[in-house]
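Accompanying notes for the structure given below.
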Amino acid sequence: MTQPKKLFIKTYGCQMNVYDSERMAEAMGGQGYVQTDSPDDADMILLNTCHIREKAAEKVYSELGRYKGLKSERPDLKIGVAGCVAQAEGEEIMRRQPMVDLVVGPQSYHRLPELEAKARGGEKALDTDFPEEDKFERLKSRPKAKRGPTAFLTVQEGCDKFCAFCVVPYTRGAEVSRPADRVLTEARDLVERGVRELTLLGQNVNAYHGHDRGLAGLIRELAKIDGLERIRFTTSHPNDMDDDLIAAHGDCDKLMPYLHLPVQAGSDRILKRMNRQHTAEQYLRLIERLRAARPDLHLSGDFIVGFPEETEEDFRDTMALIEAVQYGSAFSFKYSERPGTPAAERPQVSEAEKDDRLQRLQALLTRQQRALQDAMVGREVGVLFEKAGRLPGQMVGKSDYLHAVHVAAEGLQPGDLRPVTIVESGPNSLKGVLV
């Protein structure tokens, strides 16, 4: 009996890349590959890359350098680069690292089996097109293996906003939405395999238009699926948060009270320079409307400090916005240049100023996060348990508000959704007892 070939995938970046890696593994499963946790015994190594973080391409080249020894020992080992760095760098990857056999962009990974076959034949394989065919339909067959209780589901890709700091429109392309019927089919399949919570993914997910009532319409259809207990979505743009989606936060029980809604800055001058196409006041009024629909809504955000030309006054405006919103969690970064984006050509803020502002901003966000987490003590929340904890008899899961919660109780299993009273708040998690 022929031994299956082994595939090692290293995934960088966002949840969408996690989803894409799963689909690439499924595609290669049809070619006789099984996944391995180590590159050392792999027949194919695939790096699924992200271009959002600073020096993303250089980190990929550095990672590839670690595999030179493996490639020299085993010339038949195939090495591929996928994702957004692949899209941005293209042939440059093969020029700088000739040992790379194939390069595939995020819109073409359904062609991975064809590219692998080409590489096995001794050719270099490159595909960074934006093909017209639906890659999701091309990969519609899935093994019916049991799944964990939570899963990601991509419903939208690409972005048309062209924020001045962002490479996504260039690496992921224009906004494209999957038809609702295909999303619902995939969702039902996941639920049949044990999934109880779905997180809908998109670079600009609330711009989804595959349903005649947008993302809210899709969520309401998903909520009708028996066995699907929780729905989340990420990442959103404030300009696409329409009335129906705001209302869904109040009247759709399966839509969880947690929303990631990036604002990036609190200064109108900087927001305009970022091409965000909204003001700080408009963002704050939107938050008011969301909290009117769902008063217990926990907000998460993204912030960039040290954007080109940002002054101390601009930074204080951002801090004021954070004080006004009171975030439950947030992601914050120093601005870093992305070649080819408008902001990269503008006067830059010094690294010392960026460091100072980031420390102050993160200190404020940490205080808010801890205060909101401490306020959970004494409350009853739903917890979807996902895995065993570090201590004997302990299970860990996520609350309605996406807090990590650990409970010591007999008989709990992954996939159990139980009411829990929070009894203690720690630095990064909550402790609870079953009701």
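Starting from 1 in every chain, residues are counted up; chains themselves are A, B, ... following the order of the structure tokens, and ligands are numbered from 1 as listed.
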
Which residues come within 10 Å of Ala324 of chain A, counting only C-alpha atoms, excluding same-chain residues fewer than 5 positions away, as a list in words?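 Result of the neighbour search: Leu284, Ile287, Thr318 and Met319 of chain A.
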
Write the selection just made, keeping N, CA and C atoms, as a PDB file, in the first residue's frame?
```pdb
ATOM      1  N   LEU A 284     -18.605  57.577  16.781  1.00  0.00           N
ATOM      2  CA  LEU A 284     -19.181  57.571  18.122  1.00  0.00           C
ATOM      3  C   LEU A 284     -20.705  57.473  18.086  1.00  0.00           C
ATOM      4  N   ILE A 287     -21.602  53.910  17.445  1.00  0.00           N
ATOM      5  CA  ILE A 287     -21.478  53.105  18.661  1.00  0.00           C
ATOM      6  C   ILE A 287     -22.714  53.295  19.548  1.00  0.00           C
ATOM      7  N   THR A 318      -7.318  60.613  19.612  1.00  0.00           N
ATOM      8  CA  THR A 318      -7.521  59.160  19.616  1.00  0.00           C
ATOM      9  C   THR A 318      -7.755  58.655  21.030  1.00  0.00           C
ATOM     10  N   MET A 319      -6.958  59.152  21.972  1.00  0.00           N
ATOM     11  CA  MET A 319      -7.133  58.742  23.364  1.00  0.00           C
ATOM     12  C   MET A 319      -8.505  59.146  23.883  1.00  0.00           C
TER      13      MET A 319
END
```

Just asking: which residues within segment 56-241 of chain A are strand (DSSP E or B) according to DSSP, as a VMD selection string? chain A and resid 78 to 83 102 to 104 125 to 127 150 to 154 156 to 157 176 to 177 197 to 201 230 to 234

Please write the residues from the selection above to a file, keeping N, CA and C atoms, as an mmCIF file, in the first residue's frame.
```cif
data_model
loop_
_atom_site.group_PDB
_atom_site.id
_atom_site.type_symbol
_atom_site.label_atom_id
_atom_site.label_comp_id
_atom_site.auth_asym_id
_atom_site.auth_seq_id
_atom_site.Cartn_x
_atom_site.Cartn_y
_atom_site.Cartn_z
ATOM 1 N N LYS A 78 8.945 19.592 -2.066
ATOM 2 C CA LYS A 78 8.409 20.758 -2.769
ATOM 3 C C LYS A 78 8.065 21.852 -1.761
ATOM 4 N N ILE A 79 8.438 23.077 -2.096
ATOM 5 C CA ILE A 79 8.219 24.222 -1.207
ATOM 6 C C ILE A 79 7.395 25.268 -1.944
ATOM 7 N N GLY A 80 6.312 25.708 -1.300
ATOM 8 C CA GLY A 80 5.437 26.693 -1.915
ATOM 9 C C GLY A 80 5.165 27.865 -0.996
ATOM 10 N N VAL A 81 4.877 29.012 -1.591
ATOM 11 C CA VAL A 81 4.488 30.208 -0.855
ATOM 12 C C VAL A 81 3.117 30.629 -1.360
ATOM 13 N N ALA A 82 2.181 30.789 -0.440
ATOM 14 C CA ALA A 82 0.813 31.186 -0.770
ATOM 15 C C ALA A 82 0.458 32.458 -0.015
ATOM 16 N N GLY A 83 -0.734 32.990 -0.280
ATOM 17 C CA GLY A 83 -1.229 34.129 0.485
ATOM 18 C C GLY A 83 -0.810 35.480 -0.057
ATOM 19 N N LEU A 102 6.708 26.639 -6.063
ATOM 20 C CA LEU A 102 5.448 27.215 -6.534
ATOM 21 C C LEU A 102 5.055 28.417 -5.683
ATOM 22 N N VAL A 103 4.391 29.366 -6.327
ATOM 23 C CA VAL A 103 3.891 30.578 -5.685
ATOM 24 C C VAL A 103 2.449 30.753 -6.119
ATOM 25 N N VAL A 104 1.537 30.914 -5.143
ATOM 26 C CA VAL A 104 0.119 31.021 -5.474
ATOM 27 C C VAL A 104 -0.536 32.100 -4.612
ATOM 28 N N ALA A 125 6.134 26.846 -10.807
ATOM 29 C CA ALA A 125 4.698 27.110 -10.958
ATOM 30 C C ALA A 125 4.336 28.414 -10.257
ATOM 31 N N LEU A 126 3.727 29.332 -10.982
ATOM 32 C CA LEU A 126 3.346 30.644 -10.449
ATOM 33 C C LEU A 126 1.940 30.981 -10.878
ATOM 34 N N ASP A 127 1.089 31.388 -9.924
ATOM 35 C CA ASP A 127 -0.270 31.838 -10.246
ATOM 36 C C ASP A 127 -0.684 32.910 -9.247
ATOM 37 N N THR A 150 -16.151 25.196 17.107
ATOM 38 C CA THR A 150 -16.137 26.503 16.463
ATOM 39 C C THR A 150 -15.438 26.409 15.117
ATOM 40 N N ALA A 151 -15.836 27.274 14.194
ATOM 41 C CA ALA A 151 -15.214 27.274 12.863
ATOM 42 C C ALA A 151 -15.320 28.654 12.241
ATOM 43 N N PHE A 152 -14.378 28.943 11.352
ATOM 44 C CA PHE A 152 -14.429 30.138 10.519
ATOM 45 C C PHE A 152 -15.106 29.797 9.198
ATOM 46 N N LEU A 153 -15.779 30.783 8.636
ATOM 47 C CA LEU A 153 -16.439 30.597 7.344
ATOM 48 C C LEU A 153 -16.309 31.889 6.550
ATOM 49 N N THR A 154 -15.512 31.867 5.496
ATOM 50 C CA THR A 154 -15.328 33.061 4.664
ATOM 51 C C THR A 154 -16.573 33.306 3.824
ATOM 52 N N GLN A 156 -16.900 36.757 2.396
ATOM 53 C CA GLN A 156 -16.582 37.939 1.581
ATOM 54 C C GLN A 156 -15.069 38.085 1.538
ATOM 55 N N GLU A 157 -14.561 38.542 0.415
ATOM 56 C CA GLU A 157 -13.130 38.795 0.294
ATOM 57 C C GLU A 157 -12.902 40.121 -0.425
ATOM 58 N N VAL A 176 -15.678 40.912 -3.164
ATOM 59 C CA VAL A 176 -16.448 39.831 -3.772
ATOM 60 C C VAL A 176 -17.189 39.109 -2.651
ATOM 61 N N SER A 177 -18.471 38.845 -2.849
ATOM 62 C CA SER A 177 -19.281 38.145 -1.856
ATOM 63 C C SER A 177 -19.715 36.789 -2.387
ATOM 64 N N GLU A 197 -20.613 27.036 16.654
ATOM 65 C CA GLU A 197 -20.408 28.484 16.524
ATOM 66 C C GLU A 197 -19.652 28.768 15.241
ATOM 67 N N LEU A 198 -20.174 29.708 14.444
ATOM 68 C CA LEU A 198 -19.517 30.128 13.211
ATOM 69 C C LEU A 198 -19.110 31.587 13.317
ATOM 70 N N THR A 199 -17.884 31.877 12.882
ATOM 71 C CA THR A 199 -17.436 33.256 12.719
ATOM 72 C C THR A 199 -17.327 33.538 11.234
ATOM 73 N N LEU A 200 -18.163 34.448 10.753
ATOM 74 C CA LEU A 200 -18.174 34.819 9.339
ATOM 75 C C LEU A 200 -17.015 35.768 9.069
ATOM 76 N N LEU A 201 -16.252 35.479 8.042
ATOM 77 C CA LEU A 201 -15.036 36.233 7.762
ATOM 78 C C LEU A 201 -15.135 37.037 6.477
ATOM 79 N N ARG A 230 -24.390 29.840 17.788
ATOM 80 C CA ARG A 230 -23.758 31.153 17.909
ATOM 81 C C ARG A 230 -23.234 31.622 16.552
ATOM 82 N N ILE A 231 -23.340 32.935 16.335
ATOM 83 C CA ILE A 231 -22.835 33.545 15.105
ATOM 84 C C ILE A 231 -22.037 34.791 15.489
ATOM 85 N N ARG A 232 -20.870 34.938 14.870
ATOM 86 C CA ARG A 232 -20.055 36.147 14.998
ATOM 87 C C ARG A 232 -19.609 36.559 13.610
ATOM 88 N N PHE A 233 -19.057 37.763 13.480
ATOM 89 C CA PHE A 233 -18.488 38.177 12.191
ATOM 90 C C PHE A 233 -17.353 39.159 12.420
ATOM 91 N N THR A 234 -16.407 39.154 11.504
ATOM 92 C CA THR A 234 -15.269 40.057 11.548
ATOM 93 C C THR A 234 -14.597 40.057 10.170
#
```

Within 12 Å of segment 292-311 of chain A, which residues of segment 393-431 of chain A come that close, and what is the closest atom pair and distance in Å for each? Count only C-alpha atoms and give it as a Markdown table.
```
| residue | atom | partner | partner_atom | distance |
| --- | --- | --- | --- | --- |
| A:Ser399 | CA | A:His298 | CA | 11.5 |
| A:Asp400 | CA | A:His298 | CA | 9.6 |
| A:Tyr401 | CA | A:His298 | CA | 6.4 |
| A:Leu402 | CA | A:His298 | CA | 8.9 |
| A:His403 | CA | A:His298 | CA | 10.2 |
```

Do a neighbour search on Cys163 of chain A at 6 Å with only C-alpha atoms, toss out local chain neighbours closer than 6 positions, and write the hits as a PyMOL selection string. chain A and resi 274-276

Any idea what's packed within 6 Å of Leu430 of chain A, counting only C-alpha atoms, ignoring anything in its chain fewer than 5 positions away? Could you give it as a list in words?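 The filter keeps Val405, Glu424 and Ser425 of chain A.
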
Would you export the selected residues with N, CA, C and O atoms as a CSV table (one decimal), in the first residue's frame, please?
```csv
chain,number,residue,atom,x,y,z
A,405,VAL,N,-13.0,31.4,29.4
A,405,VAL,CA,-13.5,31.1,30.7
A,405,VAL,C,-13.1,29.6,31.0
A,405,VAL,O,-13.3,28.7,30.1
A,424,GLU,N,-14.4,34.8,39.2
A,424,GLU,CA,-13.0,35.4,39.4
A,424,GLU,C,-12.5,35.9,38.0
A,424,GLU,O,-12.8,35.3,37.0
A,425,SER,N,-11.8,37.0,38.1
A,425,SER,CA,-11.2,37.6,36.9
A,425,SER,C,-9.7,37.6,37.0
A,425,SER,O,-9.2,38.1,37.9
```

Report the residues of segment 70-214 of chain A whose backbone DSSP state falls under helix (DSSP H, G or I), written as a ChimeraX atom specification. /A:70-73,84-89,91-96,109-120,135-138,168-171,180-192,205-207,214

Atom CA of Pro238 of chain A to atom CA of Ala343 of chain A: how many Å, to one decimal?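 Rounded to one decimal, the two atoms are 20.8 Å apart.
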
Using only C-alpha atoms for the distances, tell me which of A:Glu312, A:Asp317, A:Glu73, A:Glu323 is nearest to Val349 of chain A.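 Nearest to Val349 of chain A: A:Glu312.
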
Give me, as a list in words, all polymer residues having an atom no more than 9 Å from Arg370 of chain A, counting only C-alpha atoms and skipping those fewer than 6 positions away in the same chain.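 Answer for this query is Gly328, Ser425, Gly426, Pro427 and Asn428 of chain A.
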
When distances are computed from only C-alpha atoms, which of A:Val155, A:Val263, A:Val205, A:Val407 shows the smallest separation from Gln282 of chain A?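 The answer is A:Val263, which sits nearest to Gln282 of chain A.
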